[in-house]
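> If it helps, the file is called my_file04.txt and holds compact mmCIF, C-alpha atoms and all ligand atoms:
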# COMPACT_ATOMS: atom_id res chain seq x y z
CA MET A 258 16.94 -2.30 19.88
CA ALA A 259 13.26 -2.76 19.28
CA HIS A 260 10.91 -3.81 22.03
CA PRO A 261 11.55 -7.50 22.78
CA THR A 262 7.90 -8.51 22.35
CA ARG A 263 7.67 -6.86 18.95
CA ARG A 264 7.12 -10.12 17.07
CA GLY A 265 5.66 -12.27 19.83
CA CYS A 266 2.39 -12.13 21.69
CA SER A 267 3.13 -13.94 24.93
CA THR A 268 3.83 -10.85 27.03
CA PRO A 269 1.71 -7.76 26.62
CA PRO A 270 4.00 -4.95 25.49
CA LYS A 271 4.76 -2.27 28.04
CA LEU A 272 3.49 0.96 26.63
CA HIS A 273 5.58 4.05 26.31
CA PRO A 274 3.87 6.95 28.13
CA ALA A 275 3.57 8.84 24.85
CA VAL A 276 1.60 5.96 23.37
CA ARG A 277 -0.51 5.34 26.45
CA ALA A 278 -1.64 8.92 26.17
CA ALA A 279 -1.96 8.75 22.39
CA ASN A 280 -4.57 11.06 20.95
CA PRO A 281 -7.06 9.88 18.34
CA HIS A 282 -5.58 10.08 14.86
CA PHE A 283 -7.51 12.37 12.51
CA PHE A 284 -7.09 10.06 9.52
CA ASP A 285 -8.78 7.20 11.41
CA GLN A 286 -12.02 9.16 11.64
CA THR A 287 -15.28 9.12 9.72
CA PRO A 288 -17.61 12.15 9.84
CA GLU A 289 -19.63 10.39 12.55
CA SER A 290 -16.70 9.39 14.75
CA LEU A 291 -15.14 12.84 14.36
CA ALA A 292 -18.41 14.55 15.31
CA ASP A 293 -18.63 12.27 18.38
CA LEU A 294 -15.09 13.19 19.42
CA LEU A 295 -15.64 16.91 18.91
CA ALA A 296 -18.92 16.81 20.83
CA GLY A 297 -17.12 15.07 23.67
CA TRP A 298 -14.63 17.94 23.73
CA GLY A 299 -17.44 20.51 23.96
CA MET A 300 -17.69 21.51 20.28
CA PRO A 301 -20.78 21.52 18.09
CA ARG A 302 -21.04 18.44 15.87
CA PHE A 303 -21.07 20.55 12.69
CA ARG A 304 -17.40 21.40 13.38
CA ALA A 305 -16.61 17.91 12.03
CA LYS A 306 -17.53 18.97 8.50
CA GLN A 307 -15.41 22.11 8.82
CA VAL A 308 -12.38 20.14 10.03
CA LEU A 309 -12.80 17.52 7.29
CA ASP A 310 -12.95 20.31 4.72
CA TRP A 311 -9.78 21.88 6.04
CA VAL A 312 -7.85 18.66 5.83
CA TYR A 313 -9.21 16.91 2.73
CA ARG A 314 -10.27 19.88 0.60
CA LYS A 315 -7.88 22.64 1.64
CA GLY A 316 -4.92 20.45 2.55
CA VAL A 317 -4.49 21.99 6.00
CA ALA A 318 -3.68 19.60 8.85
CA ALA A 319 -2.63 22.23 11.42
CA PRO A 320 -5.49 23.15 13.79
CA GLN A 321 -4.15 26.64 14.40
CA ALA A 322 -4.52 27.41 10.69
CA MET A 323 -8.24 26.47 10.67
CA THR A 324 -9.38 30.05 10.78
CA ASN A 325 -13.15 29.54 10.82
CA LEU A 326 -12.85 27.72 14.16
CA SER A 327 -12.80 29.66 17.41
CA GLN A 328 -9.42 29.98 19.10
CA ARG A 329 -10.70 27.79 21.90
CA ASP A 330 -11.69 25.02 19.48
CA ARG A 331 -8.36 25.26 17.66
CA ASP A 332 -6.52 24.92 20.96
CA THR A 333 -8.69 21.94 21.94
CA LEU A 334 -8.05 20.20 18.62
CA ALA A 335 -4.32 20.83 18.84
CA HIS A 336 -4.28 19.35 22.33
CA GLU A 337 -6.63 16.41 21.87
CA MET A 338 -6.10 15.16 18.32
CA THR A 339 -3.10 13.96 16.34
CA PHE A 340 -3.25 14.99 12.69
CA LEU A 341 0.02 13.55 11.38
CA ASN A 342 1.36 10.73 13.51
CA GLY A 343 4.32 9.66 11.40
CA ARG A 344 7.38 11.71 10.54
CA VAL A 345 8.90 11.89 7.05
CA ILE A 346 12.55 11.11 7.65
CA ARG A 347 13.66 10.94 4.03
CA GLN A 348 12.28 12.37 0.84
CA GLN A 349 13.74 11.65 -2.57
CA THR A 350 12.91 12.86 -6.06
CA ALA A 351 13.88 10.77 -9.08
CA THR A 352 14.89 12.21 -12.41
CA ASP A 353 11.48 11.07 -13.77
CA ALA A 354 9.73 13.11 -10.98
CA THR A 355 8.80 10.02 -8.94
CA GLN A 356 8.74 11.02 -5.28
CA LYS A 357 9.49 8.68 -2.42
CA LEU A 358 8.89 9.19 1.28
CA LEU A 359 10.35 7.14 4.11
CA ILE A 360 8.05 7.58 7.11
CA ASP A 361 8.96 6.75 10.69
CA TRP A 362 5.99 5.76 12.83
CA SER A 363 7.89 5.49 16.12
CA LEU A 364 5.80 6.36 19.14
CA ALA A 365 2.73 6.05 16.99
CA ALA A 366 0.34 3.31 17.99
CA LEU A 367 1.26 0.54 15.60
CA VAL A 368 -0.95 -2.52 15.83
CA THR A 369 0.86 -5.76 16.51
CA PRO A 370 0.68 -8.50 13.86
CA ASP A 371 -2.43 -10.65 13.85
CA ALA A 372 -1.14 -14.07 14.90
CA GLY A 373 -3.01 -14.70 18.09
CA CYS A 374 -2.71 -11.10 19.23
CA SER A 375 -5.36 -8.68 20.23
CA LEU A 376 -5.67 -6.16 17.46
CA ASN A 377 -6.08 -3.52 20.11
CA SER A 378 -2.71 -4.12 21.70
CA LEU A 379 -0.03 -1.60 20.96
CA THR A 380 3.65 -1.89 20.35
CA VAL A 381 6.33 0.74 20.60
CA LEU A 382 9.19 0.79 18.19
CA ASN A 383 12.37 2.75 18.63
CA GLU A 384 12.84 5.79 16.48
CA GLY A 385 15.40 5.47 13.74
CA SER A 386 15.03 1.70 13.36
CA SER A 387 13.83 0.16 10.10
CA GLU A 388 11.32 -1.73 12.25
CA SER A 389 9.25 1.43 12.54
CA GLN A 390 9.59 2.71 8.98
CA THR A 391 7.51 2.34 5.84
CA GLU A 392 7.78 3.73 2.36
CA CYS A 393 5.31 5.31 0.03
CA VAL A 394 5.80 6.61 -3.49
CA LEU A 395 4.13 9.17 -5.72
CA ILE A 396 4.33 8.19 -9.37
CA PRO A 397 3.37 10.74 -12.04
CA SER A 398 2.43 9.15 -15.35
CA THR A 399 0.13 9.36 -18.34
CA SER A 400 -2.90 7.10 -18.67
CA ARG A 401 -2.53 4.52 -21.46
CA ASP A 402 -6.24 4.72 -22.19
CA SER A 403 -7.16 8.39 -21.94
CA GLY A 404 -3.78 10.09 -22.35
CA LYS A 405 -4.55 12.11 -19.21
CA ALA A 406 -2.00 12.84 -16.53
CA ARG A 407 -2.13 10.55 -13.51
CA ARG A 408 -0.63 10.81 -10.05
CA THR A 409 -0.54 7.42 -8.37
CA ALA A 410 0.22 6.88 -4.70
CA CYS A 411 1.79 3.54 -3.86
CA VAL A 412 1.08 3.01 -0.16
CA SER A 413 2.19 0.48 2.46
CA SER A 414 -0.23 -1.49 4.62
CA GLN A 415 2.26 -3.01 7.07
CA VAL A 416 5.69 -2.34 8.53
CA GLY A 417 7.77 -5.01 6.84
CA CYS A 418 5.98 -7.93 5.27
CA PRO A 419 5.13 -11.47 6.43
CA VAL A 420 5.26 -13.01 2.95
CA GLY A 421 9.02 -12.90 2.42
CA CYS A 422 9.20 -13.00 -1.37
CA LYS A 423 12.79 -13.88 -2.14
CA PHE A 424 13.31 -11.00 -4.55
CA CYS A 425 11.84 -8.24 -2.36
CA ALA A 426 13.60 -5.92 0.05
CA SER A 427 10.43 -5.49 2.14
CA GLY A 428 10.22 -9.17 2.93
CA LEU A 429 13.80 -9.48 4.13
CA GLY A 430 13.15 -8.67 7.77
CA GLY A 431 9.70 -10.20 8.15
CA LEU A 432 6.69 -8.45 9.58
CA ASP A 433 7.10 -5.86 12.32
CA ALA A 434 3.61 -4.41 12.68
CA ASN A 435 0.35 -3.64 10.97
CA LEU A 436 -0.39 -0.05 10.07
CA THR A 437 -3.70 1.45 11.11
CA ALA A 438 -6.34 2.69 8.66
CA GLY A 439 -5.35 6.25 9.52
CA GLN A 440 -1.69 5.60 8.81
CA ILE A 441 -2.59 4.19 5.39
CA VAL A 442 -4.82 7.17 4.53
CA GLN A 443 -2.20 9.58 5.84
CA GLN A 444 0.33 8.26 3.31
CA ALA A 445 -2.09 9.00 0.45
CA TRP A 446 -2.88 12.44 1.85
CA GLN A 447 0.79 13.35 2.26
CA LEU A 448 1.61 12.19 -1.26
CA SER A 449 -1.32 14.16 -2.64
CA ARG A 450 -0.07 17.28 -0.87
CA LEU A 451 3.42 16.59 -2.20
CA GLY A 452 2.06 16.32 -5.76
CA ILE A 453 0.25 19.64 -5.39
CA ASP A 454 3.32 21.33 -3.89
CA LYS A 455 5.48 20.06 -6.76
CA GLY A 456 3.02 21.37 -9.34
CA LEU A 457 1.99 17.87 -10.44
CA GLY A 458 -1.55 18.03 -9.07
CA PRO A 459 -3.55 15.97 -6.55
CA LEU A 460 -3.74 12.19 -6.49
CA THR A 461 -5.75 10.39 -9.12
CA ASN A 462 -4.95 6.76 -8.20
CA VAL A 463 -3.87 4.69 -5.21
CA VAL A 464 -2.25 1.28 -5.34
CA PHE A 465 -1.64 -0.95 -2.33
CA MET A 466 1.69 -2.16 -3.66
CA GLY A 467 4.07 -0.81 -1.04
CA MET A 468 5.26 -2.76 1.97
CA GLY A 469 3.03 -5.46 3.36
CA GLU A 470 0.29 -7.90 2.36
CA PRO A 471 -3.00 -5.95 2.51
CA MET A 472 -5.17 -9.07 2.79
CA VAL A 473 -3.80 -9.92 6.22
CA ASN A 474 -4.47 -6.42 7.52
CA LEU A 475 -8.02 -5.98 6.23
CA LYS A 476 -9.08 -4.62 9.60
CA ALA A 477 -7.17 -1.47 8.64
CA VAL A 478 -7.27 -1.73 4.85
CA LEU A 479 -11.09 -1.87 4.50
CA PRO A 480 -11.80 1.34 6.47
CA ALA A 481 -8.87 2.99 4.67
CA LEU A 482 -10.47 2.10 1.32
CA HIS A 483 -13.72 3.71 2.42
CA THR A 484 -11.96 6.94 3.41
CA LEU A 485 -9.96 7.02 0.17
CA ALA A 486 -13.18 6.72 -1.85
CA ALA A 487 -15.48 8.84 0.35
CA ASP A 488 -16.62 12.22 -0.96
CA TRP A 489 -15.86 13.70 2.48
CA GLY A 490 -12.41 12.04 2.38
CA MET A 491 -9.88 11.64 -0.40
CA ASN A 492 -12.74 11.47 -2.92
CA LEU A 493 -11.02 9.04 -5.31
CA SER A 494 -12.93 6.81 -7.67
CA ALA A 495 -12.93 3.26 -6.26
CA ARG A 496 -12.03 2.04 -9.74
CA ARG A 497 -8.79 3.96 -9.46
CA ILE A 498 -7.80 2.16 -6.30
CA THR A 499 -5.94 -1.13 -6.67
CA VAL A 500 -5.42 -3.66 -3.90
CA SER A 501 -2.58 -6.00 -4.68
CA THR A 502 -2.18 -9.38 -3.01
CA VAL A 503 0.25 -12.23 -3.28
CA GLY A 504 -2.80 -14.43 -2.90
CA VAL A 505 -4.99 -14.89 0.16
CA PRO A 506 -8.24 -16.41 -1.16
CA ALA A 507 -10.29 -15.66 1.98
CA GLY A 508 -9.14 -12.02 1.85
CA ILE A 509 -9.99 -11.74 -1.85
CA ARG A 510 -13.50 -13.04 -1.16
CA ARG A 511 -13.91 -10.65 1.77
CA LEU A 512 -12.79 -7.71 -0.38
CA ALA A 513 -15.41 -8.69 -2.95
CA THR A 514 -18.18 -8.14 -0.41
CA ILE A 515 -17.48 -4.49 0.36
CA ASP A 516 -19.49 -2.00 -1.57
CA LEU A 517 -16.52 -0.55 -3.48
CA PRO A 518 -15.52 -1.76 -6.94
CA VAL A 519 -11.77 -1.53 -6.33
CA THR A 520 -9.40 -3.24 -8.72
CA LEU A 521 -7.87 -6.49 -7.54
CA ALA A 522 -4.31 -7.28 -8.58
CA ILE A 523 -2.93 -10.76 -7.93
CA SER A 524 0.85 -10.93 -7.74
CA LEU A 525 1.39 -14.18 -9.58
CA HIS A 526 5.08 -13.78 -10.50
CA ALA A 527 5.34 -17.39 -11.67
CA PRO A 528 3.11 -19.41 -14.01
CA ASN A 529 3.26 -22.73 -12.12
CA ASP A 530 3.24 -23.79 -8.48
CA ASP A 531 6.75 -25.25 -8.42
CA LEU A 532 8.43 -22.08 -9.63
CA ARG A 533 6.13 -19.93 -7.51
CA LYS A 534 7.14 -21.80 -4.35
CA GLN A 535 10.78 -21.05 -5.12
CA ILE A 536 10.26 -17.30 -4.97
CA ILE A 537 7.14 -16.82 -2.80
CA PRO A 538 7.14 -18.79 0.48
CA TRP A 539 3.36 -18.40 0.92
CA ALA A 540 2.83 -20.29 -2.35
CA GLU A 541 3.51 -23.42 -0.28
CA GLY A 542 0.03 -22.97 1.18
CA VAL A 543 -1.94 -21.56 -1.75
CA THR A 544 -1.98 -23.00 -5.24
CA ILE A 545 -2.50 -21.09 -8.47
CA ASP A 546 -5.76 -23.06 -8.92
CA GLN A 547 -7.02 -21.65 -5.61
CA LEU A 548 -6.06 -18.14 -6.68
CA VAL A 549 -7.82 -18.54 -10.01
CA ASP A 550 -10.97 -19.68 -8.19
CA ALA A 551 -10.84 -16.71 -5.82
CA GLY A 552 -10.21 -14.33 -8.74
CA ARG A 553 -13.20 -15.75 -10.62
CA ASP A 554 -15.36 -15.24 -7.54
CA TYR A 555 -14.12 -11.65 -7.30
CA PHE A 556 -15.10 -10.99 -10.90
CA THR A 557 -18.52 -12.61 -10.44
CA GLN A 558 -19.25 -10.39 -7.47
CA THR A 559 -17.75 -7.08 -8.66
CA ARG A 560 -17.60 -7.39 -12.49
CA ARG A 561 -14.08 -5.98 -12.18
CA GLU A 562 -11.42 -7.58 -14.36
CA ILE A 563 -8.46 -8.93 -12.39
CA THR A 564 -4.93 -7.74 -13.04
CA LEU A 565 -2.25 -10.40 -12.89
CA GLU A 566 1.04 -8.88 -11.81
CA TYR A 567 4.14 -10.66 -13.04
CA ILE A 568 7.60 -9.50 -12.09
CA LEU A 569 10.13 -10.59 -14.68
CA LEU A 570 13.28 -11.98 -13.05
CA GLY A 571 16.11 -12.29 -15.55
CA GLY A 572 16.69 -15.92 -16.61
CA LEU A 573 14.30 -17.32 -13.98
CA ASN A 574 10.68 -16.76 -15.04
CA ASP A 575 11.06 -14.76 -18.24
CA GLN A 576 11.45 -17.49 -20.84
CA PRO A 577 9.00 -18.41 -23.65
CA GLU A 578 7.70 -21.50 -21.86
CA HIS A 579 6.78 -19.32 -18.88
CA ALA A 580 4.89 -16.90 -21.13
CA HIS A 581 2.87 -19.75 -22.66
CA GLU A 582 2.02 -21.09 -19.20
CA LEU A 583 1.05 -17.63 -17.99
CA ALA A 584 -1.24 -17.15 -20.99
CA ALA A 585 -2.99 -20.41 -20.07
CA VAL A 586 -3.50 -19.27 -16.46
CA SER A 587 -4.75 -15.88 -17.58
CA LYS A 588 -7.33 -17.44 -19.89
CA ARG A 589 -9.00 -19.12 -16.92
CA LEU A 590 -10.31 -15.86 -15.49
CA ARG A 591 -11.23 -12.38 -16.73
CA SER A 592 -7.82 -10.82 -16.47
CA ASN A 593 -5.19 -8.62 -17.99
CA ILE A 594 -1.47 -8.92 -17.36
CA ASN A 595 0.99 -6.37 -16.05
CA LEU A 596 4.63 -7.21 -16.64
CA ILE A 597 7.14 -5.56 -14.35
CA ARG A 598 10.85 -5.52 -14.99
CA TYR A 599 12.68 -6.40 -11.79
CA ASN A 600 14.67 -3.62 -10.15
CA GLU A 601 17.82 -5.12 -8.66
CA VAL A 602 18.15 -5.06 -4.86
CA ALA A 603 21.66 -4.96 -3.43
CA GLY A 604 22.55 -8.32 -1.92
CA LEU A 605 19.76 -10.30 -3.60
CA PRO A 606 20.64 -12.84 -6.32
CA PHE A 607 18.09 -11.75 -8.93
CA ALA A 608 18.75 -9.95 -12.18
CA ARG A 609 16.87 -7.43 -14.24
CA PRO A 610 15.58 -9.16 -17.40
CA HIS A 611 17.03 -8.40 -20.82
CA ALA A 612 14.90 -6.05 -22.91
CA ASP A 613 14.67 -8.63 -25.73
CA ASP A 614 13.32 -11.26 -23.34
CA VAL A 615 10.74 -8.82 -21.96
CA HIS A 616 9.40 -7.94 -25.40
CA ARG A 617 9.36 -11.56 -26.55
CA PHE A 618 7.45 -12.45 -23.37
CA GLN A 619 4.87 -9.77 -24.05
CA ARG A 620 4.53 -10.79 -27.70
CA ILE A 621 3.75 -14.40 -26.76
CA LEU A 622 1.02 -13.20 -24.40
CA THR A 623 -0.55 -10.78 -26.84
CA ASP A 624 -0.40 -13.39 -29.61
CA ALA A 625 -2.36 -15.63 -27.24
CA GLY A 626 -5.01 -12.93 -26.99
CA ARG A 627 -4.07 -11.66 -23.54
CA THR A 628 -4.10 -7.91 -22.87
CA THR A 629 -0.59 -7.31 -21.61
CA HIS A 630 1.22 -4.18 -20.58
CA ILE A 631 4.80 -3.65 -19.55
CA ARG A 632 4.76 -1.38 -16.54
CA ALA A 633 7.29 1.40 -16.91
CA SER A 634 10.10 1.28 -14.37
CA ARG A 635 9.84 4.42 -12.32
CA GLY A 636 12.27 6.06 -9.97
CA ARG A 637 15.10 3.56 -10.46
CA ASP A 638 17.61 6.20 -9.39
CA ILE A 639 15.91 6.52 -5.98
CA ALA A 640 15.48 2.82 -5.26
CA ALA A 641 11.73 2.96 -5.85
CA ALA A 642 11.19 -0.79 -5.73
CA CYS A 643 9.23 -2.00 -2.74
CA GLY A 644 11.24 -1.75 0.48
CA GLN A 645 14.44 -0.68 -1.20
CA LEU A 646 14.82 2.74 0.40
CA ARG A 647 14.18 1.33 3.86
CA HIS A 648 16.64 -1.47 3.12
CA GLU A 649 19.29 0.92 1.88
CA SER A 650 18.77 3.23 4.87
CA ASN A 651 19.26 0.33 7.27
CA PRO A 652 21.35 -2.27 5.42
CA SER A 653 22.57 -3.96 8.58
CA THR A 654 19.06 -4.67 9.85
CA THR A 655 17.92 -6.64 6.83
CA THR A 656 20.71 -8.90 5.78
CA PRO A 657 19.56 -11.15 2.98
CA ALA A 658 19.68 -14.87 3.59
FE1 LIG B 1 5.59 -8.68 0.72
FE2 LIG B 1 4.95 -7.72 -1.70
FE3 LIG B 1 7.50 -7.80 -0.92
FE4 LIG B 1 6.24 -10.09 -1.44
S1 LIG B 1 6.69 -8.46 -2.92
S2 LIG B 1 7.57 -9.67 0.35
S3 LIG B 1 4.18 -9.61 -0.74
S4 LIG B 1 5.86 -6.55 0.00
Would you mind writing the file's structure down as structure tokens?
Ligand code: SF4

Amino acid sequence: MAHPTRRGCSTPPKLHPAVRAANPHFFDQTPESLADLLAGWGMPRFRAKQVLDWVYRKGVAAPQAMTNLSQRDRDTLAHEMTFLNGRVIRQQTATDATQKLLIDWSLAALVTPDAGCSLNSLTVLNEGSSESQTECVLIPSTSRDSGKARRTACVSSQVGCPVGCKFCASGLGGLDANLTAGQIVQQAWQLSRLGIDKGLGPLTNVVFMGMGEPMVNLKAVLPALHTLAADWGMNLSARRITVSTVGVPAGIRRLATIDLPVTLAISLHAPNDDLRKQIIPWAEGVTIDQLVDAGRDYFTQTRREITLEYILLGGLNDQPEHAHELAAVSKRLRSNINLIRYNEVAGLPFARPHADDVHRFQRILTDAGRTTHIRASRGRDIAAACGQLRHESNPSTTTPA
């Protein structure tokens, strides 16, 4: 069983000794904070650059393998700092080379969900429970525009998800915890290493489309974005990083103020408020008009076109009238449209759309002048849809309503 205060905030959680003594996580650090830590442990500050190079440039996260450090400094690092604080408990490769990792963060310092809680409080989750696991996926593909090979990491920002979209395995059990910035960056780093090991090459893109709603964990997501884009860090172009949200206007406006032109994707999934409320509980509190306003503000501030994500659910939101409505919404802001064919989730009453309906839907949008792509379904044979692997690994813990 998980800790009884996992979802509540009334009683401060009792910390497991391993967490109380938790070391700083390497992937949470900036060059400055790392230099401060190393200096505090008796090392020269310039060691920070050497350690960053080992991890981000050479792909080495084991202090004892950092051969230009003295043995004493290697021992100190190994004792004082955690480099990888989650454990990969399942790894799957799809026939299309998509790779999926299920990571268990038990005994790592997961941050409790926001609602009224101190963001510094810690919670301990039992190993082996879905309440401590997240998924991330490496998707090899070819760029539509340039024809170049791409390796995209799809990362999670939370354990579980508070939004509870009716069609999504991640939302079935609600929110368990927020991930830290370091845990988000670590997923990208591990997937990049995996791509290199498999001969695919390092990451080119990151999308925040795994488990969780990034806009309600900006305290971790914003520093993670900076590390992903930093030349001392993952060194990815900000334009190749996409933050996807089901729609939190205040979060969208906050994201627009950071000095990184990341791509914003709004998960619309329905072209009108009534239908949206049927499949996305949070649509009760946020209208499409409000999302359009926030998206327009984002474009004004960043000059980045918005991507509207639309998951096609067979027979529910994939009919011609829905396409016409979606075209009208899309025309109200600088946007392109990504159509996603639904991947069935065992136990959920939603169907994959028929191919004919998908192509008719796209045709209506393109005829209306909207740039529309159908996102290829990747990794269907390894349950690559959001939250599916975790759900299938722990079916009894996430029984659909
Ligand atoms: Fe959360 Fe995204 Fe799943 Fe909705 S689709 S429940 S926002 S992870």
> Point out the residue among A:Tyr599, A:Phe424, A:Phe283, A:Tyr313 with the least atom-to-atom distance to A:Ala487, counting all atoms listed in the file.
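Selected residue with least distance to A:Ala487: A:Tyr313.
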> Let me have all residues with an atom within 7 Å of ligand LIG 1 (chain B), counting all atoms listed in the file, laid out as a count of residues only.
18
> Between A:Ala322, A:Val394, A:Ala603, A:Ile360, which has the minimum distance to A:Gly452 (counting only C-alpha atoms)?
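Among A:Ala322, A:Val394, A:Ala603, A:Ile360, it is A:Val394 that comes nearest to A:Gly452.
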> Report, in Å with one decimal, the straight-line distance from atom CA of A:Ala513 to atom CA of A:Lys405.
28.5 Å
> Using only C-alpha atoms, which of the listed residues (A:Ala296, A:Gly343, A:Leu395, A:Val308) sits closest to A:Lys455?
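Of A:Ala296, A:Gly343, A:Leu395, A:Val308, the one nearest A:Lys455, counting only C-alpha atoms, is A:Leu395.
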> Please enclose the listed atoms of stretch 569-572 of chain A in an axis-aligned box, pad each side by 6 Å, and write out the centre and the three edge lengths in Å, rounded to one decimal, as AutoDock Vina command-line options.

--center_x 13.4 --center_y -13.3 --center_z -14.8 --size_x 18.6 --size_y 17.3 --size_z 15.6
> Between A:Gln547, A:Gly626, A:Arg450, A:Phe284, which has the minimum distance to A:Leu485 (counting all atoms listed in the file)?
A:Phe284
> Which residues are close to A:Leu457, i.e. within 9 Å by all atoms listed in the file, leaving aside same-chain residues fewer than 4 positions away? Reply as a JSON list (two decimals) with C-alpha atoms, keeping the file's coordinate frame.

[["chain", "number", "residue", "atom", "x", "y", "z"],
["A", 397, "PRO", "CA", 3.37, 10.74, -12.04],
["A", 406, "ALA", "CA", -2.00, 12.84, -16.53],
["A", 407, "ARG", "CA", -2.13, 10.55, -13.51],
["A", 408, "ARG", "CA", -0.63, 10.81, -10.05],
["A", 451, "LEU", "CA", 3.42, 16.59, -2.20],
["A", 452, "GLY", "CA", 2.06, 16.32, -5.76],
["A", 453, "ILE", "CA", 0.25, 19.64, -5.39]]
